[in-house]
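File shown here: protein-v5.json, holding JSON, C-alpha atoms and all ligand atoms.
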```json
[["chain", "number", "residue", "atom", "x", "y", "z"],
["A", 1415, "MET", "CA", 0.00, 0.00, 0.00],
["A", 1416, "SER", "CA", 1.33, 3.46, -0.92],
["A", 1417, "GLN", "CA", 2.21, 5.86, 1.87],
["A", 1418, "PHE", "CA", 3.68, 9.30, 1.57],
["A", 1419, "GLN", "CA", 5.43, 11.76, 3.84],
["A", 1420, "LYS", "CA", 4.82, 15.13, 2.25],
["A", 1421, "LYS", "CA", 4.96, 18.81, 3.08],
["A", 1422, "VAL", "CA", 1.54, 19.97, 1.93],
["A", 1423, "GLU", "CA", -0.15, 23.36, 1.78],
["A", 1424, "LEU", "CA", -3.08, 24.23, 4.02],
["A", 1425, "VAL", "CA", -5.61, 25.70, 1.59],
["A", 1426, "ARG", "CA", -8.64, 26.22, 3.83],
["A", 1427, "SER", "CA", -9.38, 26.49, 7.54],
["A", 1428, "GLU", "CA", -12.97, 26.58, 8.83],
["A", 1429, "VAL", "CA", -14.28, 26.85, 12.35],
["A", 1430, "ILE", "CA", -17.31, 24.53, 12.26],
["A", 1431, "ALA", "CA", -18.42, 25.00, 15.87],
["A", 1432, "ARG", "CA", -16.78, 26.06, 19.13],
["A", 1433, "ASP", "CA", -13.38, 24.29, 19.23],
["A", 1434, "VAL", "CA", -14.21, 22.21, 16.15],
["A", 1435, "VAL", "CA", -12.10, 22.92, 13.06],
["A", 1436, "ARG", "CA", -11.95, 21.56, 9.54],
["A", 1437, "LEU", "CA", -8.71, 21.88, 7.56],
["A", 1438, "THR", "CA", -8.30, 21.28, 3.83],
["A", 1439, "PHE", "CA", -4.86, 20.40, 2.49],
["A", 1440, "ASN", "CA", -3.60, 20.26, -1.06],
["A", 1441, "ALA", "CA", -2.28, 16.69, -0.81],
["A", 1442, "PRO", "CA", -2.93, 14.92, -4.14],
["A", 1443, "GLU", "CA", -0.69, 11.87, -3.56],
["A", 1444, "ILE", "CA", -2.38, 10.98, -0.27],
["A", 1445, "ALA", "CA", -5.90, 11.98, -1.35],
["A", 1446, "THR", "CA", -5.78, 9.80, -4.47],
["A", 1447, "VAL", "CA", -4.96, 6.53, -2.67],
["A", 1448, "ALA", "CA", -6.71, 7.10, 0.70],
["A", 1449, "LEU", "CA", -9.54, 4.78, 1.77],
["A", 1450, "PRO", "CA", -12.34, 5.53, 4.27],
["A", 1451, "GLY", "CA", -11.23, 4.77, 7.83],
["A", 1452, "GLN", "CA", -7.54, 5.49, 7.16],
["A", 1453, "PHE", "CA", -5.75, 8.34, 8.89],
["A", 1454, "VAL", "CA", -2.85, 10.77, 8.57],
["A", 1455, "MET", "CA", -0.19, 11.72, 11.13],
["A", 1456, "ILE", "CA", 0.48, 15.47, 11.13],
["A", 1457, "GLN", "CA", 3.64, 17.17, 12.33],
["A", 1458, "ILE", "CA", 2.49, 20.22, 14.23],
["A", 1459, "GLY", "CA", 4.91, 23.08, 14.74],
["A", 1460, "SER", "CA", 8.45, 23.23, 13.46],
["A", 1461, "GLY", "CA", 10.37, 22.61, 16.69],
["A", 1462, "GLN", "CA", 10.24, 20.01, 19.48],
["A", 1463, "ASP", "CA", 6.85, 21.08, 20.87],
["A", 1464, "PRO", "CA", 4.83, 19.05, 20.31],
["A", 1465, "LEU", "CA", 7.44, 16.44, 19.49],
["A", 1466, "LEU", "CA", 5.19, 13.73, 18.12],
["A", 1467, "ARG", "CA", 2.93, 13.78, 15.12],
["A", 1468, "ARG", "CA", -0.81, 13.69, 15.91],
["A", 1469, "PRO", "CA", -3.23, 11.22, 14.22],
["A", 1470, "PHE", "CA", -6.40, 12.38, 12.44],
["A", 1471, "SER", "CA", -8.95, 10.41, 10.43],
["A", 1472, "ILE", "CA", -9.32, 11.39, 6.82],
["A", 1473, "HIS", "CA", -12.61, 13.28, 6.82],
["A", 1474, "GLN", "CA", -13.04, 13.71, 3.09],
["A", 1475, "THR", "CA", -11.03, 13.72, -0.13],
["A", 1476, "ALA", "CA", -11.58, 15.28, -3.53],
["A", 1477, "SER", "CA", -9.25, 13.37, -5.83],
["A", 1478, "SER", "CA", -10.05, 15.62, -8.80],
["A", 1479, "GLU", "CA", -8.84, 18.65, -6.83],
["A", 1480, "GLY", "CA", -6.14, 16.73, -4.96],
["A", 1481, "THR", "CA", -7.46, 17.85, -1.58],
["A", 1482, "LEU", "CA", -7.82, 16.05, 1.73],
["A", 1483, "GLN", "CA", -9.72, 17.22, 4.81],
["A", 1484, "ILE", "CA", -9.47, 16.56, 8.52],
["A", 1485, "LEU", "CA", -12.03, 17.52, 11.16],
["A", 1486, "PHE", "CA", -10.94, 17.84, 14.77],
["A", 1487, "LYS", "CA", -11.71, 19.12, 18.20],
["A", 1488, "VAL", "CA", -9.23, 21.24, 20.15],
["A", 1489, "VAL", "CA", -8.30, 19.13, 23.21],
["A", 1490, "GLY", "CA", -4.66, 20.02, 23.92],
["A", 1491, "ARG", "CA", -1.46, 21.70, 22.75],
["A", 1492, "GLY", "CA", -1.22, 20.03, 19.33],
["A", 1493, "THR", "CA", -4.80, 20.59, 18.25],
["A", 1494, "GLU", "CA", -4.69, 24.17, 19.61],
["A", 1495, "LEU", "CA", -1.68, 24.94, 17.41],
["A", 1496, "LEU", "CA", -3.27, 23.18, 14.43],
["A", 1497, "ALA", "CA", -6.46, 25.21, 14.85],
["A", 1498, "HIS", "CA", -4.35, 28.36, 14.43],
["A", 1499, "ALA", "CA", -2.39, 27.16, 11.39],
["A", 1500, "LYS", "CA", -2.57, 29.74, 8.63],
["A", 1501, "VAL", "CA", -3.82, 29.18, 5.09],
["A", 1502, "GLY", "CA", -0.72, 28.91, 2.88],
["A", 1503, "GLU", "CA", 1.31, 27.25, 5.65],
["A", 1504, "GLN", "CA", 3.12, 23.99, 4.79],
["A", 1505, "LEU", "CA", 2.63, 21.04, 7.15],
["A", 1506, "SER", "CA", 4.16, 17.57, 7.02],
["A", 1507, "LEU", "CA", 1.54, 14.83, 6.53],
["A", 1508, "LEU", "CA", 2.29, 11.11, 6.73],
["A", 1509, "GLY", "CA", -0.28, 8.77, 5.24],
["A", 1510, "PRO", "CA", -2.60, 7.31, 4.38],
["A", 1511, "LEU", "CA", -2.06, 4.99, 7.34],
["A", 1512, "GLY", "CA", -3.83, 1.97, 8.79],
["A", 1513, "LYS", "CA", -6.59, -0.32, 7.60],
["A", 1514, "GLY", "CA", -9.91, 1.24, 6.70],
["A", 1515, "PHE", "CA", -13.50, 0.00, 6.56],
["A", 1516, "VAL", "CA", -14.42, -3.00, 4.40],
["A", 1517, "LEU", "CA", -17.30, -1.76, 2.27],
["A", 1518, "GLY", "CA", -20.33, -3.97, 1.67],
["A", 1519, "GLU", "CA", -23.58, -3.17, -0.13],
["A", 1520, "PRO", "CA", -24.60, 0.50, 0.26],
["A", 1521, "GLY", "CA", -28.25, -0.44, 0.86],
["A", 1522, "LYS", "CA", -27.26, -2.76, 3.71],
["A", 1523, "ALA", "CA", -24.98, -0.30, 5.49],
["A", 1524, "CYS", "CA", -25.67, 1.78, 8.57],
["A", 1525, "LEU", "CA", -23.08, 4.43, 9.50],
["A", 1526, "VAL", "CA", -23.01, 5.55, 13.13],
["A", 1527, "GLY", "CA", -20.76, 8.46, 14.17],
["A", 1528, "GLY", "CA", -20.51, 10.08, 17.58],
["A", 1529, "GLY", "CA", -18.69, 13.32, 18.39],
["A", 1530, "MET", "CA", -15.46, 13.60, 16.42],
["A", 1531, "GLY", "CA", -16.10, 10.00, 15.36],
["A", 1532, "ILE", "CA", -18.24, 11.65, 12.69],
["A", 1533, "ALA", "CA", -14.98, 12.68, 10.95],
["A", 1534, "PRO", "CA", -14.30, 9.45, 8.98],
["A", 1535, "MET", "CA", -18.01, 8.84, 8.34],
["A", 1536, "LEU", "CA", -18.29, 11.53, 5.66],
["A", 1537, "PHE", "CA", -15.54, 9.94, 3.54],
["A", 1538, "LEU", "CA", -17.17, 6.52, 4.04],
["A", 1539, "ALA", "CA", -20.61, 7.90, 3.13],
["A", 1540, "SER", "CA", -19.20, 9.43, -0.07],
["A", 1541, "ARG", "CA", -17.68, 6.12, -1.16],
["A", 1542, "PHE", "CA", -20.93, 4.28, -0.49],
["A", 1543, "GLN", "CA", -22.84, 6.95, -2.36],
["A", 1544, "GLN", "CA", -20.49, 6.62, -5.37],
["A", 1545, "GLN", "CA", -21.02, 2.83, -5.37],
["A", 1546, "SER", "CA", -24.77, 2.93, -4.93],
["A", 1547, "LYS", "CA", -26.98, 1.82, -7.77],
["A", 1548, "LYS", "CA", -30.52, 3.11, -8.34],
["A", 1549, "GLY", "CA", -30.23, 5.62, -5.51],
["A", 1550, "VAL", "CA", -29.91, 2.96, -2.78],
["A", 1551, "VAL", "CA", -27.91, 4.68, -0.05],
["A", 1552, "PRO", "CA", -26.74, 3.81, 3.47],
["A", 1553, "LYS", "CA", -28.53, 4.80, 6.64],
["A", 1554, "VAL", "CA", -26.68, 7.43, 8.69],
["A", 1555, "ILE", "CA", -26.98, 8.09, 12.43],
["A", 1556, "LEU", "CA", -24.96, 10.97, 13.89],
["A", 1557, "GLY", "CA", -24.73, 12.06, 17.51],
["A", 1558, "ALA", "CA", -23.13, 14.99, 19.31],
["A", 1559, "ARG", "CA", -23.50, 17.04, 22.46],
["A", 1560, "ASN", "CA", -25.76, 19.67, 20.86],
["A", 1561, "SER", "CA", -27.17, 21.06, 17.62],
["A", 1562, "GLU", "CA", -24.37, 23.64, 17.33],
["A", 1563, "GLU", "CA", -21.83, 20.82, 16.86],
["A", 1564, "LEU", "CA", -24.05, 18.58, 14.76],
["A", 1565, "LEU", "CA", -25.93, 20.85, 12.38],
["A", 1566, "PRO", "CA", -22.99, 21.99, 10.19],
["A", 1567, "LEU", "CA", -21.87, 18.37, 9.78],
["A", 1568, "ILE", "CA", -25.31, 17.04, 8.90],
["A", 1569, "GLY", "CA", -25.36, 19.45, 5.95],
["A", 1570, "ASP", "CA", -22.39, 17.67, 4.38],
["A", 1571, "PHE", "CA", -24.17, 14.30, 4.49],
["A", 1572, "GLU", "CA", -27.40, 15.82, 3.14],
["A", 1573, "ALA", "CA", -25.41, 17.34, 0.28],
["A", 1574, "LEU", "CA", -24.56, 13.75, -0.71],
["A", 1575, "GLY", "CA", -28.28, 12.96, -0.83],
["A", 1576, "LEU", "CA", -28.27, 11.09, 2.49],
["A", 1577, "GLU", "CA", -30.88, 11.42, 5.19],
["A", 1578, "VAL", "CA", -29.39, 11.76, 8.66],
["A", 1579, "LEU", "CA", -30.98, 10.51, 11.89],
["A", 1580, "ALA", "CA", -29.65, 12.82, 14.60],
["A", 1581, "ALA", "CA", -29.23, 12.41, 18.34],
["A", 1582, "THR", "CA", -28.03, 15.05, 20.80],
["A", 1583, "ASP", "CA", -27.19, 14.85, 24.50],
["A", 1584, "ASP", "CA", -29.22, 18.01, 25.22],
["A", 1585, "GLY", "CA", -32.12, 17.24, 22.86],
["A", 1586, "SER", "CA", -31.50, 20.42, 20.82],
["A", 1587, "LEU", "CA", -31.59, 18.39, 17.57],
["A", 1588, "GLY", "CA", -33.16, 15.04, 16.72],
["A", 1589, "HIS", "CA", -33.49, 12.34, 19.36],
["A", 1590, "HIS", "CA", -32.79, 13.48, 22.93],
["A", 1591, "GLY", "CA", -30.33, 10.79, 23.95],
["A", 1592, "LEU", "CA", -27.83, 8.36, 22.49],
["A", 1593, "VAL", "CA", -27.14, 7.16, 18.95],
["A", 1594, "THR", "CA", -27.64, 3.63, 20.26],
["A", 1595, "ASP", "CA", -31.31, 4.46, 21.06],
["A", 1596, "VAL", "CA", -31.76, 5.48, 17.42],
["A", 1597, "LEU", "CA", -29.92, 2.40, 16.16],
["A", 1598, "LYS", "CA", -32.16, 0.18, 18.28],
["A", 1599, "SER", "CA", -35.31, 1.92, 17.03],
["A", 1600, "ILE", "CA", -34.65, 1.36, 13.32],
["A", 1601, "ASN", "CA", -34.51, -2.46, 13.66],
["A", 1602, "LEU", "CA", -31.81, -3.33, 11.14],
["A", 1603, "GLY", "CA", -31.93, -6.88, 9.84],
["A", 1604, "PRO", "CA", -29.03, -9.34, 10.21],
["A", 1605, "ASP", "CA", -28.08, -8.69, 6.57],
["A", 1606, "PHE", "CA", -26.90, -5.17, 7.56],
["A", 1607, "THR", "CA", -23.41, -4.05, 8.54],
["A", 1608, "VAL", "CA", -22.90, -1.26, 11.05],
["A", 1609, "TYR", "CA", -19.83, 0.99, 10.54],
["A", 1610, "SER", "CA", -19.02, 3.05, 13.57],
["A", 1611, "CYS", "CA", -16.58, 5.54, 15.05],
["A", 1612, "GLY", "CA", -16.83, 7.47, 18.31],
["A", 1613, "PRO", "CA", -16.02, 7.30, 22.01],
["A", 1614, "ARG", "CA", -15.19, 3.83, 23.34],
["A", 1615, "PRO", "CA", -18.33, 3.46, 25.53],
["A", 1616, "MET", "CA", -20.46, 4.23, 22.45],
["A", 1617, "LEU", "CA", -18.58, 1.64, 20.38],
["A", 1618, "ALA", "CA", -18.94, -0.95, 23.15],
["A", 1619, "ALA", "CA", -22.71, -0.33, 23.33],
["A", 1620, "ILE", "CA", -23.04, -0.61, 19.55],
["A", 1621, "HIS", "CA", -20.99, -3.81, 19.51],
["A", 1622, "HIS", "CA", -23.21, -5.40, 22.17],
["A", 1623, "LEU", "CA", -26.38, -4.34, 20.38],
["A", 1624, "CYS", "CA", -25.13, -5.74, 17.07],
["A", 1625, "LEU", "CA", -24.01, -8.95, 18.73],
["A", 1626, "LYS", "CA", -27.50, -9.43, 20.16],
["A", 1627, "GLU", "CA", -29.14, -8.76, 16.79],
["A", 1628, "ASN", "CA", -26.56, -10.83, 14.86],
["A", 1629, "ILE", "CA", -25.46, -7.78, 12.83],
["A", 1630, "ARG", "CA", -21.91, -7.43, 11.53],
["A", 1631, "CYS", "CA", -20.15, -4.43, 13.08],
["A", 1632, "GLN", "CA", -16.92, -2.67, 12.14],
["A", 1633, "VAL", "CA", -15.49, -0.07, 14.53],
["A", 1634, "SER", "CA", -12.76, 2.52, 14.21],
["A", 1635, "VAL", "CA", -10.95, 2.81, 17.55],
["A", 1636, "GLU", "CA", -8.74, 5.54, 18.96],
["A", 1637, "SER", "CA", -5.63, 4.94, 20.96],
["A", 1638, "LEU", "CA", -2.61, 7.05, 21.84],
["A", 1639, "MET", "CA", -0.17, 6.87, 18.94],
["A", 1640, "ALA", "CA", 3.46, 7.84, 18.64],
["A", 1641, "CYS", "CA", 4.70, 6.46, 15.30],
["A", 1642, "GLY", "CA", 1.48, 5.47, 13.50],
["A", 1643, "MET", "CA", 3.30, 2.70, 11.64],
["A", 1644, "GLY", "CA", 3.57, -0.32, 13.91],
["A", 1645, "ALA", "CA", 7.06, 0.48, 15.21],
["A", 1646, "CYS", "CA", 6.66, 1.79, 18.78],
["A", 1647, "LEU", "CA", 4.07, -0.57, 20.36],
["A", 1648, "GLY", "CA", 2.35, 2.50, 21.81],
["A", 1649, "CYS", "CA", -1.14, 1.85, 20.45],
["A", 1650, "ALA", "CA", -1.90, -1.68, 21.69],
["A", 1651, "VAL", "CA", -5.56, -2.71, 21.85],
["A", 1652, "PRO", "CA", -6.51, -5.96, 23.62],
["A", 1653, "LEU", "CA", -8.00, -8.77, 21.54],
["A", 1654, "LYS", "CA", -10.78, -11.15, 22.55],
["A", 1655, "ALA", "CA", -8.63, -14.12, 21.53],
["A", 1656, "GLY", "CA", -5.81, -12.88, 23.79],
["A", 1657, "GLY", "CA", -2.83, -10.68, 23.03],
["A", 1658, "TYR", "CA", -2.87, -7.27, 21.45],
["A", 1659, "ALA", "CA", -3.20, -5.63, 18.06],
["A", 1660, "HIS", "CA", -1.68, -2.35, 16.91],
["A", 1661, "ALA", "CA", -4.45, 0.18, 16.40],
["A", 1662, "CYS", "CA", -2.24, 2.03, 13.90],
["A", 1663, "SER", "CA", -1.31, -0.82, 11.56],
["A", 1664, "ASP", "CA", -3.80, -3.66, 12.29],
["A", 1665, "GLY", "CA", -6.60, -1.04, 12.61],
["A", 1666, "PRO", "CA", -7.84, 1.56, 13.40],
["A", 1667, "VAL", "CA", -10.84, -0.30, 11.91],
["A", 1668, "PHE", "CA", -11.54, -3.72, 13.41],
["A", 1669, "GLU", "CA", -14.38, -6.22, 13.34],
["A", 1670, "ALA", "CA", -15.98, -5.35, 16.69],
["A", 1671, "GLY", "CA", -16.11, -9.02, 17.69],
["A", 1672, "GLU", "CA", -12.31, -9.32, 17.49],
["A", 1673, "LEU", "CA", -11.73, -6.81, 20.31],
["A", 1674, "LEU", "CA", -11.88, -7.27, 24.07],
["A", 1675, "TRP", "CA", -14.47, -4.77, 25.30],
["A", 1676, "SER", "CA", -14.28, -5.25, 29.04],
["A", 1677, "LEU", "CA", -11.01, -3.32, 29.45],
["B", 1701, "LIG", "C1", -6.51, 6.83, 14.35],
["B", 1701, "LIG", "C2", -6.94, 8.11, 15.06],
["B", 1701, "LIG", "C3", -7.76, 8.99, 14.40],
["B", 1701, "LIG", "C4", -8.16, 10.17, 15.06],
["B", 1701, "LIG", "N1", -8.99, 11.01, 14.38],
["B", 1701, "LIG", "C5", -9.41, 12.13, 14.98],
["B", 1701, "LIG", "C6", -10.28, 13.01, 14.28],
["B", 1701, "LIG", "O1", -10.67, 12.77, 13.14],
["B", 1701, "LIG", "N2", -10.68, 14.14, 14.93],
["B", 1701, "LIG", "C7", -10.27, 14.42, 16.22],
["B", 1701, "LIG", "O2", -10.69, 15.45, 16.78],
["B", 1701, "LIG", "N3", -9.43, 13.61, 16.88],
["B", 1701, "LIG", "C8", -8.99, 12.48, 16.30],
["B", 1701, "LIG", "N4", -8.14, 11.64, 16.98],
["B", 1701, "LIG", "C9", -7.66, 12.05, 18.32],
["B", 1701, "LIG", "C10", -6.52, 13.07, 18.12],
["B", 1701, "LIG", "O3", -5.41, 12.41, 17.59],
["B", 1701, "LIG", "C11", -6.16, 13.68, 19.48],
["B", 1701, "LIG", "O4", -7.24, 14.46, 19.93],
["B", 1701, "LIG", "C12", -4.94, 14.58, 19.34],
["B", 1701, "LIG", "O5", -3.80, 13.80, 19.06],
["B", 1701, "LIG", "C13", -4.71, 15.36, 20.62],
["B", 1701, "LIG", "O6", -3.53, 16.10, 20.49],
["B", 1701, "LIG", "P1", -3.23, 17.35, 21.43],
["B", 1701, "LIG", "O7", -1.77, 17.63, 21.36],
["B", 1701, "LIG", "O8", -4.16, 18.47, 21.13],
["B", 1701, "LIG", "O9", -3.66, 16.83, 22.83],
["B", 1701, "LIG", "P2", -2.73, 16.22, 23.98],
["B", 1701, "LIG", "O10", -2.15, 17.37, 24.74],
["B", 1701, "LIG", "O11", -1.80, 15.19, 23.39],
["B", 1701, "LIG", "O12", -3.82, 15.48, 24.82],
["B", 1701, "LIG", "C14", -4.96, 16.19, 25.34],
["B", 1701, "LIG", "C15", -5.98, 15.20, 25.83],
["B", 1701, "LIG", "O13", -6.46, 14.39, 24.73],
["B", 1701, "LIG", "C16", -6.23, 13.01, 25.01],
["B", 1701, "LIG", "N5", -5.79, 12.34, 23.77],
["B", 1701, "LIG", "C17", -4.67, 12.58, 23.08],
["B", 1701, "LIG", "N6", -4.58, 11.77, 22.01],
["B", 1701, "LIG", "C18", -5.67, 10.97, 22.05],
["B", 1701, "LIG", "C19", -6.14, 9.91, 21.27],
["B", 1701, "LIG", "N7", -5.47, 9.45, 20.22],
["B", 1701, "LIG", "N8", -7.32, 9.33, 21.61],
["B", 1701, "LIG", "C20", -7.99, 9.74, 22.69],
["B", 1701, "LIG", "N9", -7.60, 10.74, 23.48],
["B", 1701, "LIG", "C21", -6.45, 11.34, 23.17],
["B", 1701, "LIG", "C22", -5.09, 12.99, 26.02],
["B", 1701, "LIG", "O14", -5.15, 11.81, 26.82],
["B", 1701, "LIG", "C23", -5.40, 14.22, 26.85],
["B", 1701, "LIG", "O15", -6.40, 13.96, 27.79],
["B", 1701, "LIG", "C24", -7.74, 10.46, 16.37],
["B", 1701, "LIG", "C25", -6.89, 9.55, 17.02],
["B", 1701, "LIG", "C26", -6.53, 8.39, 16.39],
["B", 1701, "LIG", "C27", -5.65, 7.41, 17.10],
["B", 1702, "LIG", "S1", 1.60, 4.08, 17.14],
["B", 1702, "LIG", "FE1", 3.54, 3.13, 17.16],
["B", 1702, "LIG", "S2", 3.01, 1.03, 16.98],
["B", 1702, "LIG", "FE2", 1.11, 2.03, 16.74]]
```
Take the structure I supplied and represent it as structure tokens, if you would.
Amino acid sequence: MSQFQKKVELVRSEVIARDVVRLTFNAPEIATVALPGQFVMIQIGSGQDPLLRRPFSIHQTASSEGTLQILFKVVGRGTELLAHAKVGEQLSLLGPLGKGFVLGEPGKACLVGGGMGIAPMLFLASRFQQQSKKGVVPKVILGARNSEELLPLIGDFEALGLEVLAATDDGSLGHHGLVTDVLKSINLGPDFTVYSCGPRPMLAAIHHLCLKENIRCQVSVESLMACGMGACLGCAVPLKAGGYAHACSDGPVFEAGELLWSL
């Protein structure tokens, strides 16, 4: 699989909601070969602070324009600096990294994104939409804390012709509660596959629901990462069969049933 380490130009920076930023890079080599669920490691700053690259899911690509987007929340030093990167600035991107989602039939797919776990879902939704025949598209469930965070992102899915079922913690948009409530309510059949990314408790709940309903479930997990390439052993995730996998190189997307969820 092709991977590149490139200095690329930041061509657009958008504040989507409070502390949520979308960056667009001119990165044709990476954008052309990237698959939904893969990620990039970004070197932030030119000195030693922060020392390590930070991982971000690929949010969207436009191969014809050679652009790649990330969507992130400011949580610490690295993301704070990244949020203030200037259009025209050159940043070093490494990617695409990791294993992405395995795409099945668009009409038998249900995408569930929570919080910043929505980031890789747009890229996945676009690929499904491109593959869909006769307008058969996946179901999409998105959750966030409130409408301010969710509304701008829903627009991107609707622009692809997809209907979004929303859930918010404060009830300001869609279902007042969890994405898992919505997932339960739509009664998917066992011929569906759920594709999910979000906080670990959300992924665990989705895995258990799918297990009960005999539905295949793929999850994209987050873990602290230093190298992003399987070299530092920093991103170990425990497996149900015993032992560990590297989230960066064996994942970040796994069959939910392969992982140990009790830890
Ligand atoms: C494969 C992968 C894809 C990711 N995609 C996205 C994305 O699309 N959008 C997004 O907003 N974030 C994403 N993350 C998380 C993102 O990498 C971290 O938020 C970022 O590295 C924090 O850097 P920082 O320097 O701002 O924070 P730090 O100062 O390093 O940490 C601040 C806080 O964030 C926590 N944190 C740091 N890294 C992670 C992590 N990897 N997972 C969970 N908590 C972490 C720390 O424990 C600490 O509490 C992804 C992580 C992985 C592993
Ligand atoms: S981040 Fe180094 S092995 Fe995964």
7 Å contact set for Thr1475 in chain A, only C-alpha atoms, chain neighbours under 5 positions out, as a PDB file with C-alpha atoms, in the frame of the given file:
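This is the output file result.pdb:
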```
ATOM      1  CA  ALA A1445      -5.900  11.980  -1.350  1.00  0.00           C
ATOM      2  CA  THR A1481      -7.460  17.850  -1.580  1.00  0.00           C
ATOM      3  CA  LEU A1482      -7.820  16.050   1.730  1.00  0.00           C
ATOM      4  CA  GLN A1483      -9.720  17.220   4.810  1.00  0.00           C
ATOM      5  CA  PHE A1537     -15.540   9.940   3.540  1.00  0.00           C
TER       6      PHE A1537
END
```
Proximity check range 1573-1638 of chain A to range 1651-1672 of chain A, 8 Å, nearest pairs one decimal Å, all atoms listed in the file, as CSV:
```
residue,atom,partner,partner_atom,distance
A:His1621,CA,A:Ala1670,CA,6.0
A:Leu1625,CA,A:Gly1671,CA,8.0
A:Arg1630,CA,A:Glu1669,CA,7.8
A:Cys1631,CA,A:Ala1670,CA,5.6
A:Gln1632,CA,A:Glu1669,CA,4.5
A:Val1633,CA,A:Val1667,CA,5.3
A:Ser1634,CA,A:Val1667,CA,4.1
A:Val1635,CA,A:Pro1666,CA,5.3
A:Glu1636,CA,A:Pro1666,CA,6.9
A:Ser1637,CA,A:Ala1661,CA,6.7
```
List the residues sitting within 7 Å of (-18.1, 13.1, 22.0) in the file's frame, using all atoms listed in the file, as a short mmCIF file (atom, residue, chain, number, x, y, z; two decimals) with C-alpha atoms, keeping the file's coordinate frame.
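Saved the output as point.cif:
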```cif
data_model
loop_
_atom_site.label_atom_id
_atom_site.label_comp_id
_atom_site.auth_asym_id
_atom_site.auth_seq_id
_atom_site.Cartn_x
_atom_site.Cartn_y
_atom_site.Cartn_z
CA GLY A 1528 -20.51 10.08 17.58
CA GLY A 1529 -18.69 13.32 18.39
CA MET A 1530 -15.46 13.60 16.42
CA ALA A 1558 -23.13 14.99 19.31
CA ARG A 1559 -23.50 17.04 22.46
CA GLY A 1612 -16.83 7.47 18.31
CA PRO A 1613 -16.02 7.30 22.01
#
```
- Item | Surroundings of ligand LIG 1702 (chain B) up to 7 Å, based on all atoms listed in the file, as an MDAnalysis selection string | chainID A and resid 1638:1650 1660:1663
- Query: Could you work out how far CA of Lys1522 in chain A lies from atom N8 of ligand LIG 1701 (chain B), giving the answer in Å with one decimal?
  - Reply: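 Computed distance, atom N8 of ligand LIG 1701 (chain B) to CA of Lys1522 in chain A, equals 29.4 Å.
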*How many Å separate CA of Phe1515 in chain A from CA of Lys1598 in chain A?*
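We find that CA of Phe1515 in chain A and CA of Lys1598 in chain A lie 22.0 Å from each other.
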What are the centre and the three edge lengths of an axis-aligned box that wraps all atoms of range 1535-1551 of chain A in the file, given that 4 Å is added to every side, written as lines of an AutoDock Vina configuration file and rounded to one decimal in Å?
```
center_x = -23.0
center_y = 6.7
center_z = 0.0
size_x = 23.0
size_y = 17.7
size_z = 24.7
```
